[in-house]
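This report concerns only the one structure given below.
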Amino acid sequence: MEHGNERYKTSKRNFIIALILLLSTNALMGIIIMHISKNALKEQIIGRMLDVSNTAAAQIDGDDFESLTASDVGSEKYNRVYDTLSTYQENIKLEYIYAIKKTDSGSFIFVLDPDKENPAEYGEEILKTDALLNASRGRADVDKEAHADEWGRFYSAYSPIKDSTGKIVGIVGVDFNAEWYDSTIDTNKIVSVILVLVAMALGVVLSFSIMSQNRRRFEAMMKRIDKLYYESLKLDSVITETSIKKLQYLPDDSSKTLKALAQGEEEHIIAKSEYDEVASSVELVYDKLNKYLAYIENEVDTDDETGVSSKISYKRKSSLMNDNIKLGRAHFSVAFIDINDLHRIYTCFGYELGDAILYECGQDLVKIFGKDSVFHIMGPEYVVVAEGRNRADMEAGFKEFDKKVMNYNFTHELEKGIVVAKGYATFDKELHNSYREVFIDAKAKSDKNRNELFKMDRGETVVTKNPNTIKKSEREKTKEKKK
């Protein structure tokens, strides 16, 4: 499994797209935040302007103000209003504060202006704005746009002056420098832009840092996956080496399955990115390990030498039979099979042939009784635990098995044919209290059968390849009896 820089192209493109989306989101959020903060600051400034104008208007005596005329300039009641407005002019950060009246013609004129340097004269007309008109109707308001006159450029707040009956008799106007207002808004905007840029810069740095860390992690992960993959190749070798002895004796389908497992099934997938690379690599290793696990699970229950059920399976089976006996639902037969003279075959013809004979005998038993019923115990010995089979079933099964043994003897070039001793016993609740007692009966019958098949005094096999040899041996027996 090779990994080059090509696999990172797509992920880099994805990273760039994600980064662009991140920056765009930050920019959008910055614009929204600036807009919100600007409006909030405007509301704050407007509120401050209205607080000044409302407070000043509330402190003016409306009855005195209504009666003021040009001739009252300098009078006591004029000075009371003047002093009130002058206090605000001197102590609060504003440009101008003044009092206004609406004339019968609908225009607005200055009544009082406490400015020290260039005050407006009584009766001088003032520029009419929407905020001023709203104040004349009883609602305090602030100009939405700055306006300019001979005194400068301002934002103005207006609040109505009311007499003791609640009648609107005048208006207090407060001017705030437009440059101060705009600079405050601009300063807030600059701060917001700086914060957005800082956030974007941090986002870019963090993104590259995370990408770099992920790259290192991916590379480390890929190295580990590669190591795991190459370790799995060692398992391939182990499976091949431990199974090669029986591959030639397996049926074609089983042999191909085992070889495919041992050799592995590597698929070369062109990864579009490191994510695809990791996914395909993990999937490949997972598939191999999954097959190994299935193989191992099968091997635990399968005898490697013969292909029938293993000794571990036999222990579980015998335990199950004991449980069935205790529960009163046991119905089974046990057979003990011993391939005699196998040691001679190993010595004279080689271990390959001996293993082949042992394997083929096991497979013949499997065809007759089923794999779940046939167990290889040790050496040349098999045990059959056939559930649901009685004496007649076992007799019929071993007649078929005898035919297979005979056929093997007649079709293979051996000095002497193979001899298979066997004996079976069927569970009888009157005779047997446990599985072991049934097994002992079957083993005893197998031993008896073995003695019948061998001439114990000469150690010569009775069953041979050539039936004429058997007839000749019988003739020699008859002659010896006559003598």
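Residue numbering restarts at 1 for every chain of the structure tokens, chains are lettered A, B, ... in their displayed order, and ligands are numbered from 1 as they appear.
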inquiry  = List as a list in words the protein and nucleic acid residues near A:Met200, meaning an atom at most 7 Å away when only C-alpha atoms are counted, but skip any in the same chain fewer than 4 places from it.
reply    = Leu23, Asn26, Val196 and Val204 of chain A
Every residue of stretch 303-361 of chain A that DSSP places in helix (DSSP H, G or I), as a short mmCIF file (atom, residue, chain, number, x, y, z; two decimals) with all heavy atoms, in the first residue's frame:
data_model
loop_
_atom_site.label_atom_id
_atom_site.label_comp_id
_atom_site.auth_asym_id
_atom_site.auth_seq_id
_atom_site.Cartn_x
_atom_site.Cartn_y
_atom_site.Cartn_z
N LYS A 311 -10.97 -32.18 18.56
CA LYS A 311 -11.11 -32.73 19.91
C LYS A 311 -11.89 -31.77 20.81
O LYS A 311 -12.63 -32.20 21.70
CB LYS A 311 -9.73 -33.02 20.50
CG LYS A 311 -9.79 -33.78 21.83
CD LYS A 311 -8.40 -34.02 22.38
CE LYS A 311 -7.66 -35.04 21.54
NZ LYS A 311 -6.35 -35.42 22.13
N ILE A 312 -11.71 -30.46 20.59
CA ILE A 312 -12.46 -29.48 21.36
C ILE A 312 -13.96 -29.64 21.12
O ILE A 312 -14.77 -29.62 22.06
CB ILE A 312 -12.02 -28.05 20.99
CG1 ILE A 312 -10.56 -27.83 21.41
CG2 ILE A 312 -12.91 -27.00 21.64
CD1 ILE A 312 -10.00 -26.49 20.99
N SER A 313 -14.33 -29.83 19.85
CA SER A 313 -15.73 -30.06 19.52
C SER A 313 -16.24 -31.35 20.14
O SER A 313 -17.40 -31.44 20.57
CB SER A 313 -15.92 -30.10 18.00
OG SER A 313 -15.58 -28.87 17.42
N TYR A 314 -15.36 -32.35 20.19
CA TYR A 314 -15.74 -33.65 20.76
C TYR A 314 -16.07 -33.51 22.25
O TYR A 314 -17.04 -34.10 22.74
CB TYR A 314 -14.62 -34.66 20.56
CG TYR A 314 -14.87 -35.97 21.27
CD1 TYR A 314 -15.87 -36.84 20.86
CD2 TYR A 314 -14.10 -36.33 22.38
CE1 TYR A 314 -16.11 -38.04 21.52
CE2 TYR A 314 -14.33 -37.52 23.05
CZ TYR A 314 -15.33 -38.37 22.61
OH TYR A 314 -15.57 -39.56 23.27
N LYS A 315 -15.29 -32.71 22.97
CA LYS A 315 -15.56 -32.50 24.39
C LYS A 315 -16.91 -31.84 24.60
O LYS A 315 -17.66 -32.20 25.52
CB LYS A 315 -14.44 -31.66 25.00
CG LYS A 315 -13.11 -32.39 25.10
CD LYS A 315 -12.04 -31.50 25.72
CE LYS A 315 -10.71 -32.23 25.83
NZ LYS A 315 -9.64 -31.38 26.40
N ARG A 316 -17.23 -30.85 23.75
CA ARG A 316 -18.54 -30.21 23.87
C ARG A 316 -19.66 -31.19 23.55
O ARG A 316 -20.70 -31.19 24.21
CB ARG A 316 -18.61 -29.01 22.91
CG ARG A 316 -17.77 -27.82 23.35
CD ARG A 316 -18.27 -26.54 22.71
NE ARG A 316 -18.22 -26.62 21.25
CZ ARG A 316 -17.20 -26.19 20.51
NH1 ARG A 316 -16.13 -25.67 21.11
NH2 ARG A 316 -17.22 -26.28 19.21
N LYS A 317 -19.43 -32.04 22.54
CA LYS A 317 -20.45 -33.00 22.12
C LYS A 317 -20.71 -34.02 23.22
O LYS A 317 -21.87 -34.33 23.53
CB LYS A 317 -19.99 -33.71 20.85
CG LYS A 317 -21.06 -34.56 20.18
CD LYS A 317 -22.02 -33.71 19.39
CE LYS A 317 -22.88 -34.56 18.48
NZ LYS A 317 -23.72 -33.75 17.61
N SER A 318 -19.64 -34.56 23.79
CA SER A 318 -19.82 -35.56 24.85
C SER A 318 -20.51 -34.95 26.06
O SER A 318 -21.34 -35.60 26.71
CB SER A 318 -18.46 -36.14 25.24
OG SER A 318 -17.60 -35.13 25.73
N SER A 319 -20.18 -33.69 26.38
CA SER A 319 -20.85 -33.01 27.48
C SER A 319 -22.34 -32.82 27.19
O SER A 319 -23.18 -33.00 28.08
CB SER A 319 -20.18 -31.65 27.72
OG SER A 319 -20.83 -30.94 28.74
N LEU A 320 -22.65 -32.51 25.92
CA LEU A 320 -24.05 -32.36 25.54
C LEU A 320 -24.81 -33.67 25.67
O LEU A 320 -25.97 -33.70 26.13
CB LEU A 320 -24.13 -31.85 24.09
CG LEU A 320 -25.53 -31.70 23.49
CD1 LEU A 320 -26.34 -30.68 24.27
CD2 LEU A 320 -25.45 -31.29 22.03
N MET A 321 -24.15 -34.79 25.30
CA MET A 321 -24.81 -36.09 25.43
C MET A 321 -25.10 -36.42 26.89
O MET A 321 -26.15 -36.97 27.22
CB MET A 321 -23.94 -37.18 24.80
CG MET A 321 -23.73 -37.04 23.29
SD MET A 321 -25.26 -37.00 22.34
CE MET A 321 -25.43 -35.25 22.03
N ASN A 322 -24.16 -36.09 27.78
CA ASN A 322 -24.38 -36.30 29.21
C ASN A 322 -25.58 -35.49 29.71
O ASN A 322 -26.39 -35.96 30.51
CB ASN A 322 -23.13 -35.94 30.00
CG ASN A 322 -22.12 -37.07 30.03
OD1 ASN A 322 -22.48 -38.25 30.07
ND2 ASN A 322 -20.83 -36.72 30.00
N ASP A 323 -25.67 -34.24 29.23
CA ASP A 323 -26.81 -33.40 29.62
C ASP A 323 -28.12 -34.00 29.13
O ASP A 323 -29.12 -34.01 29.87
CB ASP A 323 -26.64 -31.99 29.05
CG ASP A 323 -25.49 -31.24 29.70
OD1 ASP A 323 -25.08 -31.63 30.80
OD2 ASP A 323 -25.00 -30.27 29.08
N ASN A 324 -28.11 -34.51 27.90
CA ASN A 324 -29.33 -35.12 27.35
C ASN A 324 -29.72 -36.37 28.13
O ASN A 324 -30.91 -36.65 28.33
CB ASN A 324 -29.13 -35.47 25.87
CG ASN A 324 -29.09 -34.23 24.99
OD1 ASN A 324 -29.54 -33.16 25.39
ND2 ASN A 324 -28.53 -34.36 23.80
N ILE A 325 -28.70 -37.13 28.58
CA ILE A 325 -28.99 -38.32 29.38
C ILE A 325 -29.65 -37.92 30.69
O ILE A 325 -30.64 -38.53 31.13
CB ILE A 325 -27.68 -39.12 29.64
CG1 ILE A 325 -27.19 -39.75 28.33
CG2 ILE A 325 -27.92 -40.21 30.69
CD1 ILE A 325 -25.82 -40.38 28.44
N LYS A 326 -29.13 -36.88 31.34
CA LYS A 326 -29.71 -36.43 32.60
C LYS A 326 -31.13 -35.92 32.42
O LYS A 326 -31.98 -36.07 33.30
CB LYS A 326 -28.83 -35.33 33.20
CG LYS A 326 -27.48 -35.83 33.68
CD LYS A 326 -26.63 -34.67 34.18
CE LYS A 326 -25.25 -35.14 34.60
NZ LYS A 326 -24.38 -34.02 35.06
N LEU A 327 -31.39 -35.31 31.26
CA LEU A 327 -32.73 -34.76 31.00
C LEU A 327 -33.70 -35.82 30.46
O LEU A 327 -34.88 -35.53 30.26
CB LEU A 327 -32.63 -33.61 29.99
CG LEU A 327 -31.86 -32.37 30.47
CD1 LEU A 327 -31.68 -31.38 29.32
CD2 LEU A 327 -32.61 -31.69 31.63
N LEU A 342 -1.35 -48.07 10.41
CA LEU A 342 -1.00 -46.79 9.77
C LEU A 342 0.49 -46.49 9.96
O LEU A 342 1.11 -45.89 9.09
CB LEU A 342 -1.85 -45.66 10.37
CG LEU A 342 -1.79 -44.31 9.65
CD1 LEU A 342 -2.30 -44.44 8.22
CD2 LEU A 342 -2.60 -43.26 10.39
N HIS A 343 1.03 -46.96 11.08
CA HIS A 343 2.46 -46.73 11.31
C HIS A 343 3.31 -47.39 10.24
O HIS A 343 4.32 -46.84 9.78
CB HIS A 343 2.84 -47.26 12.70
CG HIS A 343 4.30 -47.10 13.01
ND1 HIS A 343 4.89 -45.87 13.27
CD2 HIS A 343 5.32 -48.02 13.07
CE1 HIS A 343 6.17 -46.03 13.49
NE2 HIS A 343 6.47 -47.32 13.38
N ARG A 344 2.89 -48.60 9.81
CA ARG A 344 3.62 -49.32 8.75
C ARG A 344 3.57 -48.52 7.44
O ARG A 344 4.56 -48.44 6.71
CB ARG A 344 3.01 -50.70 8.54
CG ARG A 344 3.64 -51.49 7.38
CD ARG A 344 2.94 -52.82 7.19
NE ARG A 344 1.53 -52.63 6.91
CZ ARG A 344 1.05 -52.33 5.70
NH1 ARG A 344 1.86 -52.16 4.69
NH2 ARG A 344 -0.24 -52.21 5.52
N ILE A 345 2.42 -47.90 7.16
CA ILE A 345 2.29 -47.11 5.93
C ILE A 345 3.19 -45.89 5.99
O ILE A 345 3.85 -45.54 5.01
CB ILE A 345 0.82 -46.71 5.72
CG1 ILE A 345 -0.03 -47.96 5.49
CG2 ILE A 345 0.67 -45.74 4.54
CD1 ILE A 345 -1.51 -47.71 5.41
N TYR A 346 3.25 -45.25 7.18
CA TYR A 346 4.15 -44.11 7.34
C TYR A 346 5.60 -44.53 7.07
O TYR A 346 6.36 -43.83 6.39
CB TYR A 346 4.06 -43.56 8.77
CG TYR A 346 2.87 -42.66 9.02
CD1 TYR A 346 2.13 -42.76 10.21
CD2 TYR A 346 2.49 -41.70 8.10
CE1 TYR A 346 1.06 -41.94 10.45
CE2 TYR A 346 1.40 -40.87 8.34
CZ TYR A 346 0.70 -41.00 9.51
OH TYR A 346 -0.36 -40.17 9.73
N THR A 347 5.96 -45.69 7.60
CA THR A 347 7.35 -46.13 7.49
C THR A 347 7.70 -46.56 6.08
O THR A 347 8.77 -46.23 5.54
CB THR A 347 7.59 -47.30 8.47
OG1 THR A 347 7.27 -46.87 9.80
CG2 THR A 347 9.04 -47.76 8.41
N CYS A 348 6.78 -47.34 5.45
CA CYS A 348 7.08 -47.93 4.14
C CYS A 348 6.79 -47.01 2.97
O CYS A 348 7.47 -47.07 1.94
CB CYS A 348 6.29 -49.23 3.97
SG CYS A 348 6.72 -50.50 5.19
N PHE A 349 5.77 -46.17 3.10
CA PHE A 349 5.33 -45.39 1.94
C PHE A 349 5.41 -43.87 2.15
O PHE A 349 5.12 -43.11 1.24
CB PHE A 349 3.88 -45.76 1.58
CG PHE A 349 3.72 -47.21 1.24
CD1 PHE A 349 3.26 -48.11 2.20
CD2 PHE A 349 4.04 -47.69 -0.03
CE1 PHE A 349 3.11 -49.45 1.88
CE2 PHE A 349 3.88 -49.03 -0.34
CZ PHE A 349 3.43 -49.93 0.62
N TYR A 351 5.03 -40.31 4.98
CA TYR A 351 3.99 -39.65 5.77
C TYR A 351 2.91 -39.02 4.89
O TYR A 351 1.77 -38.89 5.31
CB TYR A 351 4.62 -38.57 6.66
CG TYR A 351 5.28 -39.14 7.89
CD1 TYR A 351 6.64 -39.42 7.91
CD2 TYR A 351 4.54 -39.41 9.04
CE1 TYR A 351 7.24 -39.95 9.04
CE2 TYR A 351 5.14 -39.95 10.16
CZ TYR A 351 6.49 -40.21 10.16
OH TYR A 351 7.08 -40.76 11.28
N GLU A 352 3.28 -38.61 3.66
CA GLU A 352 2.28 -38.01 2.79
C GLU A 352 1.14 -38.96 2.51
O GLU A 352 -0.04 -38.61 2.59
CB GLU A 352 2.92 -37.55 1.46
CG GLU A 352 3.86 -36.37 1.59
CD GLU A 352 5.23 -36.77 2.12
OE1 GLU A 352 5.46 -37.99 2.29
OE2 GLU A 352 6.05 -35.88 2.38
N LEU A 353 1.48 -40.22 2.19
CA LEU A 353 0.44 -41.21 1.91
C LEU A 353 -0.35 -41.53 3.16
O LEU A 353 -1.58 -41.66 3.13
CB LEU A 353 1.06 -42.48 1.33
CG LEU A 353 0.06 -43.60 0.98
CD1 LEU A 353 -0.96 -43.09 -0.04
CD2 LEU A 353 0.79 -44.83 0.46
N GLY A 354 0.37 -41.68 4.30
CA GLY A 354 -0.34 -41.95 5.55
C GLY A 354 -1.32 -40.86 5.90
O GLY A 354 -2.47 -41.13 6.30
N ASP A 355 -0.91 -39.60 5.73
CA ASP A 355 -1.82 -38.49 6.00
C ASP A 355 -3.00 -38.48 5.03
O ASP A 355 -4.13 -38.14 5.41
CB ASP A 355 -1.07 -37.16 5.89
CG ASP A 355 -0.15 -36.92 7.08
OD1 ASP A 355 -0.30 -37.65 8.08
OD2 ASP A 355 0.71 -36.04 7.00
N ALA A 356 -2.73 -38.83 3.78
CA ALA A 356 -3.80 -38.88 2.78
C ALA A 356 -4.84 -39.93 3.15
O ALA A 356 -6.05 -39.70 3.04
CB ALA A 356 -3.23 -39.16 1.40
N ILE A 357 -4.37 -41.11 3.60
CA ILE A 357 -5.29 -42.17 4.00
C ILE A 357 -6.11 -41.73 5.20
O ILE A 357 -7.34 -41.90 5.25
CB ILE A 357 -4.52 -43.47 4.32
CG1 ILE A 357 -3.91 -44.04 3.02
CG2 ILE A 357 -5.41 -44.50 5.00
CD1 ILE A 357 -2.99 -45.22 3.25
N LEU A 358 -5.44 -41.13 6.20
CA LEU A 358 -6.14 -40.66 7.39
C LEU A 358 -7.19 -39.61 7.02
O LEU A 358 -8.32 -39.64 7.53
CB LEU A 358 -5.10 -40.05 8.35
CG LEU A 358 -5.63 -39.59 9.72
CD1 LEU A 358 -6.12 -40.78 10.53
CD2 LEU A 358 -4.54 -38.85 10.48
N TYR A 359 -6.82 -38.71 6.10
CA TYR A 359 -7.73 -37.66 5.69
C TYR A 359 -8.94 -38.23 4.93
O TYR A 359 -10.09 -37.89 5.20
CB TYR A 359 -7.00 -36.64 4.81
CG TYR A 359 -7.85 -35.51 4.35
CD1 TYR A 359 -8.05 -34.39 5.14
CD2 TYR A 359 -8.47 -35.54 3.10
CE1 TYR A 359 -8.85 -33.34 4.72
CE2 TYR A 359 -9.26 -34.50 2.67
CZ TYR A 359 -9.45 -33.39 3.48
OH TYR A 359 -10.25 -32.37 3.06
N GLU A 360 -8.67 -39.15 3.99
CA GLU A 360 -9.75 -39.68 3.17
C GLU A 360 -10.71 -40.53 4.00
O GLU A 360 -11.92 -40.51 3.77
CB GLU A 360 -9.18 -40.49 2.01
CG GLU A 360 -8.48 -39.60 0.98
CD GLU A 360 -8.13 -40.36 -0.30
OE1 GLU A 360 -8.75 -41.40 -0.55
OE2 GLU A 360 -7.24 -39.90 -1.02
N CYS A 361 -10.19 -41.26 4.98
CA CYS A 361 -11.08 -42.03 5.86
C CYS A 361 -12.01 -41.09 6.63
O CYS A 361 -13.21 -41.36 6.77
CB CYS A 361 -10.26 -42.87 6.84
SG CYS A 361 -9.53 -44.34 6.10
#
key: Contacts of A:Ile377 within 8 Å, only C-alpha atoms, excl. fewer than 2 positions in-chain, as a list in words   = Ser310, Lys311, Tyr314, Phe375, Gly379, Glu381, Tyr382 and Val383 of chain A
task = Pick out the closest residue to A:Arg391 from this set: A:Tyr424, A:Phe369, A:Trp180, A:Phe108. Count only C-alpha atoms.
result = A:Tyr424
request  = Have a look at atom CA of A:Arg224 and atom CA of A:Asp287 and let me know their distance in Å, one decimal.
outcome  =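 Distance between the two atoms: 16.5 Å.
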inquiry  = So, with only C-alpha atoms as the atoms that count, which of A:Val438, A:Val405, A:Ala396, A:Ile190 lies closest to A:Ser37?
reply    =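 Comparing A:Val438, A:Val405, A:Ala396, A:Ile190 against A:Ser37, the winner is A:Ile190.
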Neighbour list for A:Ala148 as a ChimeraX atom specification, cut-off 10 Å, only C-alpha atoms, skip fewer than 4 positions in-chain = /A:127,152-155,178
message = Here is a test: counting only C-alpha atoms, which residue of A:Ile168, A:Ile97, A:Leu284, A:Val385 is nearest to A:His331?
response =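 Between A:Ile168, A:Ile97, A:Leu284, A:Val385, the residue approaching A:His331 most closely is A:Val385.
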query = Looking at A:Glu95, A:Lys128, A:Gly362, A:Gly123, which one is nearest to A:Trp151, with distances taken over only C-alpha atoms?
reply =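 Selected residue with least distance to A:Trp151: A:Glu95.
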inquiry  = Residues near stretch 80-90 of chain A, anyone? I mean within 12 Å using only C-alpha atoms, not counting same-chain ones fewer than 6 positions away, as number ranges by chain.
reply    = A: 49, 51-68, 72-74, 96-100, 111-116, 119, 161, 170, 172-176
Please dump the current selection as a CSV table (one decimal), in the first residue's frame; keep C-alpha atoms.
chain,number,residue,atom,x,y,z
A,49,MET,CA,-29.5,63.7,23.5
A,51,ASP,CA,-32.3,62.9,28.1
A,52,VAL,CA,-30.6,66.4,28.0
A,53,SER,CA,-33.4,68.0,26.0
A,54,ASN,CA,-36.2,66.3,28.0
A,55,THR,CA,-34.6,67.2,31.3
A,56,ALA,CA,-34.1,70.8,30.3
A,57,ALA,CA,-37.6,71.2,29.0
A,58,ALA,CA,-39.0,69.8,32.2
A,59,GLN,CA,-37.2,72.3,34.3
A,60,ILE,CA,-38.6,75.3,32.4
A,61,ASP,CA,-41.7,76.9,33.7
A,62,GLY,CA,-44.1,76.7,30.8
A,63,ASP,CA,-46.4,79.4,32.1
A,64,ASP,CA,-43.5,81.9,32.2
A,65,PHE,CA,-42.2,80.8,28.9
A,66,GLU,CA,-45.5,81.2,27.1
A,67,SER,CA,-45.8,84.9,28.2
A,68,LEU,CA,-42.2,85.8,27.0
A,72,ASP,CA,-39.2,90.6,28.3
A,73,VAL,CA,-35.5,90.1,27.4
A,74,GLY,CA,-33.5,90.8,30.5
A,96,TYR,CA,-25.9,74.7,21.8
A,97,ILE,CA,-29.1,74.7,23.8
A,98,TYR,CA,-31.9,77.1,23.1
A,99,ALA,CA,-35.7,77.7,23.4
A,100,ILE,CA,-38.1,77.9,20.4
A,111,VAL,CA,-36.9,82.9,22.0
A,112,LEU,CA,-33.7,82.4,24.0
A,113,ASP,CA,-30.2,81.4,23.3
A,114,PRO,CA,-27.6,81.3,26.1
A,115,ASP,CA,-24.6,81.1,23.8
A,116,LYS,CA,-21.9,83.5,25.0
A,119,PRO,CA,-26.3,83.9,20.4
A,161,ILE,CA,-42.2,72.7,26.8
A,170,GLY,CA,-42.5,75.9,23.3
A,172,VAL,CA,-36.1,73.1,23.8
A,173,GLY,CA,-33.5,72.4,21.2
A,174,VAL,CA,-30.1,70.8,21.8
A,175,ASP,CA,-27.4,70.7,19.1
A,176,PHE,CA,-24.6,68.1,19.2
query = What is the distance between atom CA of A:Ile126 and atom CA of A:Glu43, in Å to one decimal?
reply =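 Value for the atom CA of A:Ile126-atom CA of A:Glu43 distance: 25.5 Å.
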